[in-house]
Amino acid sequence: MASQRSQRGLDWLTFFAADVQTGFGPFIAVYLTAKSWTEAEIGLALSVGSLTAMLSQVPAGMLVDATPHKRLAALLALIAIAGSAVLLALFPSTWPVLAAEVLHGFASCVLVPALAAISLNLVGRKKLPERLGRNGRYASLGNAAAAALLGLTGAYVSGEAVFWFTAALTIPAILSLQLISAKDLEARVKRARGSGSGEGGIKGLLLQRGVLVFAGCCLLFTLSNAAMLPLASAGMTHEAGEKANLFVAGGLVVSQVVVAMISPWIGRLAEQHGRRLVLLAGLAVLPVRGALLATLSGPSVLLASQALDGLTAGVFAVLVPLIAADLTRGTNRFNLCMGLFGLAVGIGATVSTAAAGAVAAWMGYWIAFALLGAVGLATFLLVLLAMPETKSGRTIPGLGGEHVGEGPAGARPAE
C-alpha cells in the first residue's frame with residue numbers, strides 16, 4: 001500500500017505539472033504577436049511543436065517503458081519544459097522559439113506517460129481507476145488556477161513574465177515529485193518488468209482488436225472535438241468583439257470545473273460498471289454539442305457547450321490510461337500503448353482544426369459544427385459496435401467468452 005506521503009506527492013505533482021503545461025497554450029500566440037511575429041510565422045512555430053509532439057508519442061512511450069526509473073524520467077521532462085519556457089522568455093526569435101517548441105513537444109510526450117506509469121506503479125491496477133480520477137481532479141484544478149494566474153501575469157506584468165512564471169512552476173512540481181517514495185514504486189516496477197516483455201512491440205499491440213478500435217476512437221474523438229472551441233471562439237468574436245475573450249476564458253474555466261467535479265466519479269463508475277459503458281456515456285455528448293453549436297449562438301451557448309466538453313474531457317482523461325493499462329496487462333508495454341493512443345489523438349486534432357476551419361470558411365459555421373457532430377456520432381457508433389470491454393474478468397460479447405487484456409499465456413499480471 002502506497003504511503004499517504006507518496007499519494008499526496010502525486011496529487012501535487014499532477015496539479016503543478018498541469019500548471020506548467022498551461023503556460024504553453026494560447027499564451028504563446030499572444031506573446032509572439034506582441035513581438036511582431038506574423039500569423040504565418042506563429043502558425044509555423046506552433047505547427048513545429050504539434051508535429052514534434054505527434055512524432056514523439058511512440059518513441060517517448062517506449063523510452064518510459066524501457067527505464068525502471070519513472071521518477072527520473074518525469075524529473076528530466078520537467079527540467080526540459082522549464083528550459084523551453086526560459087528559451088521563449090529570453091530569445092523570442094525564430095530559431096530559439098522553434099527549438100523551444102521541439103524541446104517542449106518531446107518533453108511533454110515523456111511527462112504524460114511517466115505520470116501515468118507512476119500512478120500505476122504507486123497504487124496497482126485494482127486501485128488505478130480511483131487514482132486516475134483523483135489525478136483528473138488535481139490536473140483540472142491546476143489548469144484552471146494556472147490559466148487565471150498566467151492570464152493576469154501576461155496582462156499586468158509582461159508577456160515574458162508568463163514564461164518565467166511557467167518555468168518557476170516546475171520547482172514545486174519537482175519538490176512534489178520528491179515526496180513520492182522510491183520504495184513505494186520499486187516492488188511493482190520490478191514485478192511489471194518481470195511479468196512479460198510484451199513481445200512483438202508495436203506489431204504485437206497493433207494485432208490486438210481493443211488497441212486498434214480504441215486508437216480509432218481516440219482519432220475520431222479529437223477529430224470531432226478539437227475544433228469546436230476554436231470555431232465557437234471565432235464565431236463569438238464576430239458577435240461580441242473584444243468581450244469574446246471573457247466568454248472564452250469563462251468557457252475554459254467551466255470546462256475545467258466540470259472535469260474536476262466528475263473525474264473521481266468517472267473512475268469509480270469505470271471500475272463498477274466497466275470501461276465501455278462509461279466511454280459510451282461520454283461520447284454521447286459529442287453529437288449533442290455539435291448540434292447545439294450548429295443551431296444556436298451566444299455566450300450562454302458557448303458556456304453550455306464547454307460544460308458538455310468537460311464531461312467528455314473528464315471521461316477521456318481517466319479512460320485513456322486506464323484502457324491502456326487494461327490492454328497491456330501482463331506486459332511491459334503500457335507506455336508504448338499510451339504513445340499509440342497519443343499519436344491517434346495528435347493526428348485527429350491536427351486534421352480537425354484545419355478541416356473544420358476550411359469548411360467554416362467555404363460553407364459556414366453551422367455546417368462545420370454539424371459535420372463535427374456527425375464525426376462525434378460516428379465515434380459513438382464505433383465504440384458501441386466494435387469496442388470490447390477491457391476490464392479484467394469481463395468478456396467480449398460475441399467472441400465466445402474471450403477475455404481482454406490478460407496478457408500472454410503464463411504471464412503474471414503486474415497488478
# chains A, B, ... in the order shown; residues from 1 in each chain; ligands from 1
$ residues_around --residues "region 73-79 of chain A" --least-positions-apart "4" --cutoff "7 Å" --atoms "only C-alpha atoms" --output "list in words"
Val64, His69, Gly83, Ala107, Ser108, Val110, Leu111, Ala114, Leu115, Thr170 and Ile174 of chain A
$ residues_around --residues "Gln57 (chain A)" --least-positions-apart "2" --cutoff "9 Å" --atoms "only C-alpha atoms" --output "PyMOL selection string"
chain A and resi 52-55+59-62+106+109-110+336+338-343+346
$ closest_residue --among "A:Gly373, A:Leu381, A:Ala249, A:Gln4" --to "Pro299 (chain A)" --atoms "only C-alpha atoms"
A:Ala249
$ residues_around --residues "Phe316 (chain A)" --least-positions-apart "6" --cutoff "10 Å" --atoms "only C-alpha atoms" --output "list in words"
Gly136, Cys218, Phe221, Ser263, Ile266, Val278, Leu279, Gly282, Leu283, Gly310, Leu322 and Ile323 of chain A
$ residues_around --residues "region 359-371 of chain A" --least-positions-apart "2" --cutoff "10 Å" --atoms "only C-alpha atoms" --output "list in words"
Ser224, Asn225, Ala227, Met228, Leu231, Ala232, Ala234, Gly235, Pro287, Val288, Arg289, Gly290, Ala291, Leu292, Leu293, Ala294, Thr295, Leu296, Ser297, Ala354, Ala355, Ala356, Gly357, Gly373, Ala374, Val375, Gly376 and Leu377 of chain A
$ residues_around --residues "Ser50 (chain A)" --least-positions-apart "3" --cutoff "10 Å" --atoms "only C-alpha atoms" --output "list in words"
Leu44, Ala45, Leu46, Ser47, Ala53, Met54, Leu55, Ser56, Glu101, Val102, His104, Gly105, Phe106, Gly346, Ile347, Ala349 and Thr350 of chain A
$ write_last_selection --atoms "N, CA and C atoms" --output "short mmCIF file (atom, residue, chain, number, x, y, z; two decimals), in the first residue's frame"
data_model
loop_
_atom_site.label_atom_id
_atom_site.label_comp_id
_atom_site.auth_asym_id
_atom_site.auth_seq_id
_atom_site.Cartn_x
_atom_site.Cartn_y
_atom_site.Cartn_z
N LEU A 44 3.64 28.56 -38.07
CA LEU A 44 4.75 27.65 -38.31
C LEU A 44 5.34 27.15 -36.99
N ALA A 45 5.56 28.06 -36.05
CA ALA A 45 6.14 27.67 -34.77
C ALA A 45 5.24 26.69 -34.03
N LEU A 46 3.95 26.98 -33.99
CA LEU A 46 3.01 26.09 -33.31
C LEU A 46 2.91 24.75 -34.02
N SER A 47 2.98 24.77 -35.34
CA SER A 47 2.92 23.53 -36.10
C SER A 47 4.15 22.65 -35.83
N ALA A 53 5.35 16.80 -31.10
CA ALA A 53 4.58 16.04 -30.11
C ALA A 53 3.97 14.80 -30.74
N MET A 54 3.46 14.94 -31.96
CA MET A 54 2.82 13.81 -32.62
C MET A 54 3.84 12.71 -32.94
N LEU A 55 4.99 13.11 -33.46
CA LEU A 55 6.00 12.12 -33.84
C LEU A 55 6.70 11.52 -32.62
N SER A 56 6.64 12.20 -31.49
CA SER A 56 7.36 11.73 -30.30
C SER A 56 6.54 10.79 -29.44
N GLU A 101 9.92 24.91 -28.96
CA GLU A 101 8.74 24.12 -29.32
C GLU A 101 9.09 22.64 -29.46
N VAL A 102 10.25 22.35 -30.07
CA VAL A 102 10.67 20.94 -30.22
C VAL A 102 10.96 20.33 -28.85
N HIS A 104 9.86 21.28 -25.88
CA HIS A 104 8.62 21.12 -25.13
C HIS A 104 7.78 19.97 -25.66
N GLY A 105 7.72 19.82 -26.99
CA GLY A 105 6.92 18.76 -27.58
C GLY A 105 7.37 17.38 -27.14
N PHE A 106 8.70 17.15 -27.17
CA PHE A 106 9.20 15.83 -26.77
C PHE A 106 9.08 15.62 -25.26
N GLY A 346 -3.16 13.05 -31.61
CA GLY A 346 -2.47 14.13 -32.32
C GLY A 346 -2.90 14.25 -33.77
N ILE A 347 -3.04 13.11 -34.44
CA ILE A 347 -3.48 13.14 -35.84
C ILE A 347 -4.89 13.72 -35.94
N ALA A 349 -6.47 15.73 -33.86
CA ALA A 349 -6.51 17.16 -33.53
C ALA A 349 -5.96 18.01 -34.67
N THR A 350 -4.89 17.54 -35.30
CA THR A 350 -4.28 18.28 -36.40
C THR A 350 -5.23 18.42 -37.58
#
$ atom_distance --atom1 "CA of Ser255 (chain A)" --atom2 "CA of Gln306 (chain A)"
5.1 Å
$ residues_around --residues "Lys391 (chain A)" --least-positions-apart "6" --cutoff "12 Å" --atoms "only C-alpha atoms" --output "JSON, numbers by chain"
{"A": [125, 126, 128, 129, 210, 269, 270, 271, 272, 273, 274, 275, 276, 277, 278, 319, 322, 323, 324, 325, 326, 327, 328, 329, 403, 404, 405, 406]}
$ closest_residue --among "A:Ser119, A:Ser84, A:Ser176, A:Ser233" --to "Trp164 (chain A)" --atoms "only C-alpha atoms"
A:Ser84
$ residues_around --residues "region 7-22 of chain A" --least-positions-apart "6" --cutoff "10 Å" --atoms "only C-alpha atoms" --output "number ranges by chain"
A: 74, 78, 81-82, 85, 104, 108, 111-112, 115-116, 118-119, 122-123, 131, 134-147, 149-150, 163, 165-181, 184
$ closest_residue --among "A:Ile42, A:Leu372, A:Ala117, A:Val86" --to "Arg71 (chain A)" --atoms "only C-alpha atoms"
A:Ala117
$ atom_distance --atom1 "CA of Phe91 (chain A)" --atom2 "CA of Tyr31 (chain A)"
11.9 Å
$ decode --residues "region 365-380 of chain A" --atoms "all heavy atoms" --output "PDB file, in the first residue's frame"
ATOM      1  N   TYR A 365     -20.357  28.344 -40.609  1.00  0.00           N
ATOM      2  CA  TYR A 365     -20.065  27.747 -39.313  1.00  0.00           C
ATOM      3  C   TYR A 365     -21.020  26.607 -38.969  1.00  0.00           C
ATOM      4  O   TYR A 365     -20.603  25.591 -38.410  1.00  0.00           O
ATOM      5  CB  TYR A 365     -20.132  28.825 -38.218  1.00  0.00           C
ATOM      6  CG  TYR A 365     -18.894  29.684 -38.133  1.00  0.00           C
ATOM      7  CD1 TYR A 365     -18.753  30.827 -38.924  1.00  0.00           C
ATOM      8  CD2 TYR A 365     -17.863  29.369 -37.270  1.00  0.00           C
ATOM      9  CE1 TYR A 365     -17.619  31.622 -38.864  1.00  0.00           C
ATOM     10  CE2 TYR A 365     -16.718  30.151 -37.194  1.00  0.00           C
ATOM     11  CZ  TYR A 365     -16.602  31.279 -37.986  1.00  0.00           C
ATOM     12  OH  TYR A 365     -15.471  32.052 -37.918  1.00  0.00           O
ATOM     13  N   TRP A 366     -22.298  26.754 -39.278  1.00  0.00           N
ATOM     14  CA  TRP A 366     -23.252  25.747 -38.838  1.00  0.00           C
ATOM     15  C   TRP A 366     -23.000  24.405 -39.520  1.00  0.00           C
ATOM     16  O   TRP A 366     -23.171  23.345 -38.902  1.00  0.00           O
ATOM     17  CB  TRP A 366     -24.684  26.235 -39.060  1.00  0.00           C
ATOM     18  CG  TRP A 366     -25.166  26.195 -40.485  1.00  0.00           C
ATOM     19  CD1 TRP A 366     -25.059  27.169 -41.420  1.00  0.00           C
ATOM     20  CD2 TRP A 366     -25.838  25.103 -41.117  1.00  0.00           C
ATOM     21  NE1 TRP A 366     -25.609  26.766 -42.599  1.00  0.00           N
ATOM     22  CE2 TRP A 366     -26.106  25.503 -42.449  1.00  0.00           C
ATOM     23  CE3 TRP A 366     -26.250  23.830 -40.709  1.00  0.00           C
ATOM     24  CZ2 TRP A 366     -26.758  24.676 -43.362  1.00  0.00           C
ATOM     25  CZ3 TRP A 366     -26.903  23.006 -41.609  1.00  0.00           C
ATOM     26  CH2 TRP A 366     -27.154  23.428 -42.920  1.00  0.00           C
ATOM     27  N   ILE A 367     -22.564  24.447 -40.776  1.00  0.00           N
ATOM     28  CA  ILE A 367     -22.246  23.192 -41.470  1.00  0.00           C
ATOM     29  C   ILE A 367     -21.001  22.554 -40.851  1.00  0.00           C
ATOM     30  O   ILE A 367     -20.941  21.323 -40.660  1.00  0.00           O
ATOM     31  CB  ILE A 367     -22.040  23.436 -42.972  1.00  0.00           C
ATOM     32  CG1 ILE A 367     -23.372  23.843 -43.610  1.00  0.00           C
ATOM     33  CG2 ILE A 367     -21.478  22.196 -43.654  1.00  0.00           C
ATOM     34  CD1 ILE A 367     -23.284  24.099 -45.100  1.00  0.00           C
ATOM     35  N   ALA A 368     -20.009  23.373 -40.502  1.00  0.00           N
ATOM     36  CA  ALA A 368     -18.800  22.846 -39.866  1.00  0.00           C
ATOM     37  C   ALA A 368     -19.141  22.165 -38.544  1.00  0.00           C
ATOM     38  O   ALA A 368     -18.671  21.047 -38.264  1.00  0.00           O
ATOM     39  CB  ALA A 368     -17.789  23.968 -39.644  1.00  0.00           C
ATOM     40  N   PHE A 369     -19.978  22.829 -37.733  1.00  0.00           N
ATOM     41  CA  PHE A 369     -20.370  22.222 -36.450  1.00  0.00           C
ATOM     42  C   PHE A 369     -21.195  20.954 -36.667  1.00  0.00           C
ATOM     43  O   PHE A 369     -21.049  19.972 -35.924  1.00  0.00           O
ATOM     44  CB  PHE A 369     -21.152  23.220 -35.605  1.00  0.00           C
ATOM     45  CG  PHE A 369     -20.306  24.282 -34.964  1.00  0.00           C
ATOM     46  CD1 PHE A 369     -20.569  25.634 -35.169  1.00  0.00           C
ATOM     47  CD2 PHE A 369     -19.236  23.935 -34.148  1.00  0.00           C
ATOM     48  CE1 PHE A 369     -19.792  26.611 -34.582  1.00  0.00           C
ATOM     49  CE2 PHE A 369     -18.453  24.913 -33.552  1.00  0.00           C
ATOM     50  CZ  PHE A 369     -18.729  26.250 -33.772  1.00  0.00           C
ATOM     51  N   ALA A 370     -22.061  20.965 -37.662  1.00  0.00           N
ATOM     52  CA  ALA A 370     -22.862  19.772 -37.952  1.00  0.00           C
ATOM     53  C   ALA A 370     -21.971  18.595 -38.351  1.00  0.00           C
ATOM     54  O   ALA A 370     -22.194  17.453 -37.916  1.00  0.00           O
ATOM     55  CB  ALA A 370     -23.877  20.077 -39.053  1.00  0.00           C
ATOM     56  N   LEU A 371     -20.947  18.866 -39.163  1.00  0.00           N
ATOM     57  CA  LEU A 371     -20.036  17.800 -39.565  1.00  0.00           C
ATOM     58  C   LEU A 371     -19.217  17.288 -38.380  1.00  0.00           C
ATOM     59  O   LEU A 371     -18.984  16.080 -38.244  1.00  0.00           O
ATOM     60  CB  LEU A 371     -19.108  18.306 -40.672  1.00  0.00           C
ATOM     61  CG  LEU A 371     -19.757  18.507 -42.044  1.00  0.00           C
ATOM     62  CD1 LEU A 371     -18.758  19.135 -43.005  1.00  0.00           C
ATOM     63  CD2 LEU A 371     -20.274  17.187 -42.602  1.00  0.00           C
ATOM     64  N   LEU A 372     -18.787  18.196 -37.507  1.00  0.00           N
ATOM     65  CA  LEU A 372     -18.048  17.775 -36.310  1.00  0.00           C
ATOM     66  C   LEU A 372     -18.931  16.903 -35.418  1.00  0.00           C
ATOM     67  O   LEU A 372     -18.477  15.896 -34.853  1.00  0.00           O
ATOM     68  CB  LEU A 372     -17.543  18.990 -35.536  1.00  0.00           C
ATOM     69  CG  LEU A 372     -16.458  19.822 -36.226  1.00  0.00           C
ATOM     70  CD1 LEU A 372     -16.155  21.078 -35.421  1.00  0.00           C
ATOM     71  CD2 LEU A 372     -15.178  19.009 -36.425  1.00  0.00           C
ATOM     72  N   GLY A 373     -20.205  17.281 -35.295  1.00  0.00           N
ATOM     73  CA  GLY A 373     -21.142  16.472 -34.524  1.00  0.00           C
ATOM     74  C   GLY A 373     -21.357  15.104 -35.149  1.00  0.00           C
ATOM     75  O   GLY A 373     -21.480  14.092 -34.449  1.00  0.00           O
ATOM     76  N   ALA A 374     -21.384  15.052 -36.483  1.00  0.00           N
ATOM     77  CA  ALA A 374     -21.554  13.777 -37.186  1.00  0.00           C
ATOM     78  C   ALA A 374     -20.356  12.852 -36.938  1.00  0.00           C
ATOM     79  O   ALA A 374     -20.520  11.637 -36.761  1.00  0.00           O
ATOM     80  CB  ALA A 374     -21.731  14.020 -38.682  1.00  0.00           C
ATOM     81  N   VAL A 375     -19.157  13.421 -36.906  1.00  0.00           N
ATOM     82  CA  VAL A 375     -17.972  12.619 -36.583  1.00  0.00           C
ATOM     83  C   VAL A 375     -18.066  12.105 -35.147  1.00  0.00           C
ATOM     84  O   VAL A 375     -17.692  10.962 -34.856  1.00  0.00           O
ATOM     85  CB  VAL A 375     -16.685  13.433 -36.786  1.00  0.00           C
ATOM     86  CG1 VAL A 375     -15.466  12.638 -36.340  1.00  0.00           C
ATOM     87  CG2 VAL A 375     -16.531  13.845 -38.241  1.00  0.00           C
ATOM     88  N   GLY A 376     -18.594  12.945 -34.256  1.00  0.00           N
ATOM     89  CA  GLY A 376     -18.806  12.505 -32.883  1.00  0.00           C
ATOM     90  C   GLY A 376     -19.772  11.332 -32.801  1.00  0.00           C
ATOM     91  O   GLY A 376     -19.562  10.381 -32.035  1.00  0.00           O
ATOM     92  N   LEU A 377     -20.830  11.376 -33.611  1.00  0.00           N
ATOM     93  CA  LEU A 377     -21.783  10.262 -33.659  1.00  0.00           C
ATOM     94  C   LEU A 377     -21.104   8.999 -34.194  1.00  0.00           C
ATOM     95  O   LEU A 377     -21.342   7.886 -33.685  1.00  0.00           O
ATOM     96  CB  LEU A 377     -22.970  10.638 -34.543  1.00  0.00           C
ATOM     97  CG  LEU A 377     -24.057   9.570 -34.723  1.00  0.00           C
ATOM     98  CD1 LEU A 377     -24.648   9.165 -33.374  1.00  0.00           C
ATOM     99  CD2 LEU A 377     -25.138  10.068 -35.673  1.00  0.00           C
ATOM    100  N   ALA A 378     -20.241   9.153 -35.194  1.00  0.00           N
ATOM    101  CA  ALA A 378     -19.502   8.007 -35.734  1.00  0.00           C
ATOM    102  C   ALA A 378     -18.596   7.391 -34.667  1.00  0.00           C
ATOM    103  O   ALA A 378     -18.432   6.162 -34.602  1.00  0.00           O
ATOM    104  CB  ALA A 378     -18.684   8.439 -36.949  1.00  0.00           C
ATOM    105  N   THR A 379     -18.007   8.239 -33.814  1.00  0.00           N
ATOM    106  CA  THR A 379     -17.158   7.739 -32.729  1.00  0.00           C
ATOM    107  C   THR A 379     -17.977   6.900 -31.752  1.00  0.00           C
ATOM    108  O   THR A 379     -17.552   5.811 -31.329  1.00  0.00           O
ATOM    109  CB  THR A 379     -16.511   8.917 -31.968  1.00  0.00           C
ATOM    110  OG1 THR A 379     -15.984   9.859 -32.896  1.00  0.00           O
ATOM    111  CG2 THR A 379     -15.408   8.425 -31.056  1.00  0.00           C
ATOM    112  N   PHE A 380     -19.151   7.404 -31.393  1.00  0.00           N
ATOM    113  CA  PHE A 380     -20.060   6.671 -30.501  1.00  0.00           C
ATOM    114  C   PHE A 380     -20.415   5.309 -31.096  1.00  0.00           C
ATOM    115  O   PHE A 380     -20.382   4.285 -30.411  1.00  0.00           O
ATOM    116  CB  PHE A 380     -21.316   7.508 -30.258  1.00  0.00           C
ATOM    117  CG  PHE A 380     -22.352   6.825 -29.417  1.00  0.00           C
ATOM    118  CD1 PHE A 380     -22.307   6.920 -28.032  1.00  0.00           C
ATOM    119  CD2 PHE A 380     -23.382   6.097 -29.996  1.00  0.00           C
ATOM    120  CE1 PHE A 380     -23.267   6.285 -27.243  1.00  0.00           C
ATOM    121  CE2 PHE A 380     -24.337   5.459 -29.231  1.00  0.00           C
ATOM    122  CZ  PHE A 380     -24.278   5.550 -27.849  1.00  0.00           C
TER     123      PHE A 380
END
